[in-house]
Structures are given as structure tokens and as C-alpha cells.
Amino acid sequence: MADGLLGPAEIRELAARLGVAPTKKLGQNFLHDPNTIRRIVAAAALRPEDVALEVGPGLGSLTLGLAGAVRHVHAVEIDPILAAALPATVTAAHLTVHPADALRVTGDRFDPAPTVLVANLPYNVAVPVVLHLLAELPTLRGGLVMVQKEVADRLIAGPGSKVYGVPSVKLAWYAESRSAGKVPPAVFWPVPNVDSGLVAFTRREPPAGAARTDVFTVVDAAFAQRRKTLRAALAGWAGGAAEAERILVRAGISPQARGESLTVEQFVAIAAAAKTSEHGGKLSASGAQPEEA
């Protein structure tokens with residue numbers, strides 16, 4: 001064990017002692033490289049007064065690194081065996097373990113309130129978890145998450161990019177984001193068949209002009225059929241293609257544009273323009289679902 005951090009031997013020994021085998025269902029790939037832990041903690045730009053929120057601590061590799069850098073760590077773990085074992089691995093008084101599903105936690109659960117999210121997120125729920133926690137925890141000033149490289153690229157993409165979509169726009173509503181580097185598969189057990197990426201984000205004031213729920217409804221509709229023009233893609237949401245065109249013109253956006261070319265501020269403008277339209281821009285009950293969540 002280097003500097004109190006878990007290496008490959010310690011990870012396997014701990015898992016064997018607990019009778020734990022990584023499962024695909026929970027997206028478990030345990031981080032076992034101390035250098036990567038140090039890199040994540042450094043890239044997160046943590047302050048001594050920070051309260052870190054970690055999702056999916058697993059066997060405690062990253063938790064140990066965080067515990068040495070902040071005043072408190074909240075660890076949310078859905079696996080009851082891992083949640084019960086974590087305090088024995090990370091024997092810090094300033095650790096609170098929450099045996100819970102991160103997609104269901106609410107802000108009132110955490111005391112003290114988290115200021116940063118730092119986590120190696122399960123690939124299958126990474127985007128929903130980040131967006132849920134940003135919505136639930138206004139005290140988060142930012143953070144650093146490790147996700148599948150493909151997901152990282154989507155989160156940080158800008159308008160015009162081939163991978164720009166729902167995750168990109170929704171994260172941009174809450175925060176400015178950037179890539180903090182790539183992580184190779186070899187630092188995990190079991191070894192995944194994809195690279196991972198680090199995404200750093202800093203919360204900002206959301207764009208003014210429309211409510212988040214209204215804006216996100218427009219975003220979902222625009223990308224449900226991303227190859228179509230906005231006039232066509234928003235027809236179901238607006239109550240018809242003609243009304244969608246009127247709303248878009250009112251918002252100062254070409255009806256022939258596509259969702260992948262719009263900034264989050266432009267989506268806000270569409271939602272705001274819909275409020276003054278005859279139909280109110282309400283998504284129909286049979287509205288299509290977005291292609292990416």
C-alpha cells in the first residue's frame with residue numbers, strides 16, 4: 001500500500017475477504033492505481049475546507065485519496081456489502097457512508113453539504129447521476145468525474161460537434177466543463193474494454209429567461225430526431241410544424257437549423273418564446289423520446 005492508497009494486491013485481497021466479485025450490472029470496475037488516484041485528487045483542485053461527494057466508492061481507493069484532502073467525505077454506495085465495509089478501509093472520522101442509490105438521493109441527506117463531486121462513476125448511469133446531483137445539490141461548486149471516454153466526449157462537446165447532444169446541453173445549463181485527460185483501462189480491475197475520461201466542471205449561474213424543466217423539454221424534443229430541422233423536430237412539442245416555426249422565428253433561430261448547432265442559451269430562447277405562443281409550446285403526450293439521455 002503506497003501512501004495509504006490501495007494497490008492491485010490490496011484491492012484483490014480486500015475483495016476476496018469480502019467475497020465480492022465486480023458485477024457488470026452495477027458497472028463495477030475497481031480503481032487500483034495509486035498514481036491515478038493522486039492525479040484525480042490533484043485535477044479536482046480540492047480545497048482543505050471542501051466537502052467531497054463520491055458516488056460508487058467501491059472498495060475505497062479514491063475515498064482514501066479524498067479523505068486526505070478535504071474536511072469531509074460523503075460516499076454514496078448502492079452495494080450494501082461494499083457500503084458496510086468501507087468504514088473499516090477508510091478509518092476517517094470525517095467519512096459518512098450512505099448506502100443508497102445516487103439517482104434517488106436528495107439534498108437534505110447530506111450534512112455538511114457537499115461542495116464538490118469527485119467520483120469514478122459507473123458507466124451505465126454516469127450522465128443521469130451527474131445531472132441529478134447538480135439539480136439536487138446547489139451547494140456543489142464543481143467537481144471531477146471519471147466516465148467512459150465516449151461519454152466524457154459527449155459531456156464536454158460544443159455546438160457543431162458530431163457528439164454534441166442532450167448530455168452536452170444539459171451539463172452546460174449547470175456548469176462549464178472541460179476534459180481533464182484520459183485514463184487507460186489497465187488501472188482498473190477488471191480491465192474494461194474502453195478508455196475512461198476525466199471531466200472537470202465548474203458550476204455557473206444558469207442562463208436566464210426560462211425554467212430548467214421547460215428548457216430541457218425543448219432539448220429532449222430537438223435531439224429526439226436530431227437529423228431533422230428544428231421546424232420538424234419540434235413540431236410535436238409545439239403543436240404543429242407551423243407553430244414550431246413561429247416560435248423559432250420569435251426566438252431568432254432559423255427553422256431550418258438543427259439542434260446540434262444550438263447553444264444552451266438558444267434553447268433557452270426557444271423555451272421563452274414558446275411561453276408567448278398560442279399553444280404554449282407544450283410537448284404532446286406522444287412526443288418522441290430523446291436519442292440520448
# chains A, B, ... in the order shown; residues from 1 in each chain; ligands from 1
>>> residues_around(residues="Arg250 (chain A)", least_positions_apart="4", cutoff="8 Å", atoms="only C-alpha atoms", output="PyMOL selection string")
chain A and resi 246+270+273
>>> closest_residue(among="A:Leu62, A:Leu46, A:Val41, A:Val219", to="Leu5 (chain A)", atoms="only C-alpha atoms")
A:Leu62
>>> select_by_dssp(residues="region 10-185 of chain A", states="alpha helix (DSSP H)", output="ChimeraX atom specification")
/A:10-18,34-43,61-67,80-89,126-136,149-156,166-174
>>> closest_atom_pairs(of="region 112-203 of chain A", to="region 86-97 of chain A", cutoff="12 Å", atoms="only C-alpha atoms", output="tab-separated table")
residue	atom	partner	partner_atom	distance
A:Pro112	CA	A:Thr96	CA	9.9
A:Ala113	CA	A:Thr96	CA	11.7
A:Pro114	CA	A:Thr96	CA	11.4
>>> closest_residue(among="A:Arg38, A:Arg231, A:His32, A:His132", to="Arg104 (chain A)", atoms="only C-alpha atoms")
A:His132
>>> closest_residue(among="A:Gly143, A:Pro57, A:Gly4, A:Pro48", to="Arg71 (chain A)", atoms="only C-alpha atoms")
A:Pro48
>>> closest_residue(among="A:Asn29, A:Ser179, A:Thr202, A:Ser168", to="Phe223 (chain A)", atoms="only C-alpha atoms")
A:Ser168
>>> residues_around(residues="Gln266 (chain A)", least_positions_apart="2", cutoff="10 Å", atoms="only C-alpha atoms", output="list in words")
Pro207, Val215, Leu248, Ala251, Gly252, Ile253, Gly259, Ser261, Leu262, Thr263, Val264, Val268, Ala269, Ile270, Ala271 and Ala272 of chain A
>>> closest_residue(among="A:Pro99, A:Trp189, A:Val55, A:Glu176", to="Leu133 (chain A)", atoms="only C-alpha atoms")
A:Val55
>>> residues_around(residues="Glu49 (chain A)", least_positions_apart="6", cutoff="10 Å", atoms="only C-alpha atoms", output="number ranges by chain")
A: 69-72, 115
>>> residues_around(residues="Asp153 (chain A)", least_positions_apart="2", cutoff="10 Å", atoms="only C-alpha atoms", output="PyMOL selection string")
chain A and resi 147-151+155-158+161+163-164+167-168+178-179+197-199
>>> closest_residue(among="A:Glu13, A:Glu136, A:Glu265, A:Asp79", to="Val105 (chain A)", atoms="only C-alpha atoms")
A:Glu136
>>> residues_around(residues="Pro8 (chain A)", least_positions_apart="2", cutoff="9 Å", atoms="only C-alpha atoms", output="list in words")
Met1, Leu6, Glu10, Ile11, Arg12, Glu13, Leu31, His32, Asp33, Val187, Phe188 and Trp189 of chain A
>>> write_last_selection(atoms="N, CA and C atoms", output="PDB file, in the first residue's frame")
ATOM      1  N   MET A   1       0.854  -1.194   0.000  1.00  0.00           N
ATOM      2  CA  MET A   1       0.000   0.000   0.000  1.00  0.00           C
ATOM      3  C   MET A   1       0.885   1.238   0.000  1.00  0.00           C
ATOM      4  N   LEU A   6      -4.643   2.163  -1.971  1.00  0.00           N
ATOM      5  CA  LEU A   6      -4.756   0.751  -2.322  1.00  0.00           C
ATOM      6  C   LEU A   6      -4.144   0.469  -3.686  1.00  0.00           C
ATOM      7  N   GLU A  10      -3.773  -5.132  -2.755  1.00  0.00           N
ATOM      8  CA  GLU A  10      -4.701  -4.810  -1.673  1.00  0.00           C
ATOM      9  C   GLU A  10      -6.159  -4.877  -2.143  1.00  0.00           C
ATOM     10  N   ILE A  11      -6.402  -4.437  -3.357  1.00  0.00           N
ATOM     11  CA  ILE A  11      -7.765  -4.463  -3.910  1.00  0.00           C
ATOM     12  C   ILE A  11      -8.270  -5.901  -4.017  1.00  0.00           C
ATOM     13  N   ARG A  12      -7.448  -6.775  -4.554  1.00  0.00           N
ATOM     14  CA  ARG A  12      -7.880  -8.172  -4.730  1.00  0.00           C
ATOM     15  C   ARG A  12      -8.018  -8.878  -3.388  1.00  0.00           C
ATOM     16  N   GLU A  13      -7.120  -8.575  -2.467  1.00  0.00           N
ATOM     17  CA  GLU A  13      -7.204  -9.182  -1.143  1.00  0.00           C
ATOM     18  C   GLU A  13      -8.468  -8.738  -0.420  1.00  0.00           C
ATOM     19  N   LEU A  31     -10.802   0.820  -9.208  1.00  0.00           N
ATOM     20  CA  LEU A  31      -9.553   1.535  -9.481  1.00  0.00           C
ATOM     21  C   LEU A  31      -8.484   1.057  -8.511  1.00  0.00           C
ATOM     22  N   HIS A  32      -7.310   0.694  -9.029  1.00  0.00           N
ATOM     23  CA  HIS A  32      -6.287   0.138  -8.135  1.00  0.00           C
ATOM     24  C   HIS A  32      -4.899   0.744  -8.345  1.00  0.00           C
ATOM     25  N   ASP A  33      -4.841   1.921  -8.961  1.00  0.00           N
ATOM     26  CA  ASP A  33      -3.545   2.538  -9.233  1.00  0.00           C
ATOM     27  C   ASP A  33      -3.368   3.812  -8.409  1.00  0.00           C
ATOM     28  N   VAL A 187      -5.620   0.460 -15.291  1.00  0.00           N
ATOM     29  CA  VAL A 187      -5.633   0.858 -13.876  1.00  0.00           C
ATOM     30  C   VAL A 187      -6.875   0.344 -13.143  1.00  0.00           C
ATOM     31  N   PHE A 188      -7.703  -0.433 -13.847  1.00  0.00           N
ATOM     32  CA  PHE A 188      -8.928  -0.962 -13.245  1.00  0.00           C
ATOM     33  C   PHE A 188      -8.885  -2.486 -13.128  1.00  0.00           C
ATOM     34  N   TRP A 189      -9.670  -2.993 -12.156  1.00  0.00           N
ATOM     35  CA  TRP A 189      -9.943  -4.414 -12.060  1.00  0.00           C
ATOM     36  C   TRP A 189     -11.442  -4.609 -11.923  1.00  0.00           C
TER      37      TRP A 189
END
>>> select_by_dssp(residues="region 64-109 of chain A", states="strand (DSSP E)", output="PyMOL selection string")
chain A and resi 72-77+95-99
>>> write_last_selection(atoms="C-alpha atoms", output="PDB file, in the first residue's frame")
ATOM      1  CA  HIS A  72     -15.436  15.700   4.982  1.00  0.00           C
ATOM      2  CA  VAL A  73     -16.303  12.930   2.527  1.00  0.00           C
ATOM      3  CA  HIS A  74     -19.801  11.659   1.745  1.00  0.00           C
ATOM      4  CA  ALA A  75     -19.653   8.279  -0.012  1.00  0.00           C
ATOM      5  CA  VAL A  76     -22.841   7.014  -1.699  1.00  0.00           C
ATOM      6  CA  GLU A  77     -22.684   3.263  -2.362  1.00  0.00           C
ATOM      7  CA  LEU A  95     -16.311   9.987   6.380  1.00  0.00           C
ATOM      8  CA  THR A  96     -20.065   9.430   6.117  1.00  0.00           C
ATOM      9  CA  VAL A  97     -21.204   6.379   4.145  1.00  0.00           C
ATOM     10  CA  HIS A  98     -24.657   6.470   2.572  1.00  0.00           C
ATOM     11  CA  PRO A  99     -25.982   3.048   1.499  1.00  0.00           C
TER      12      PRO A  99
END
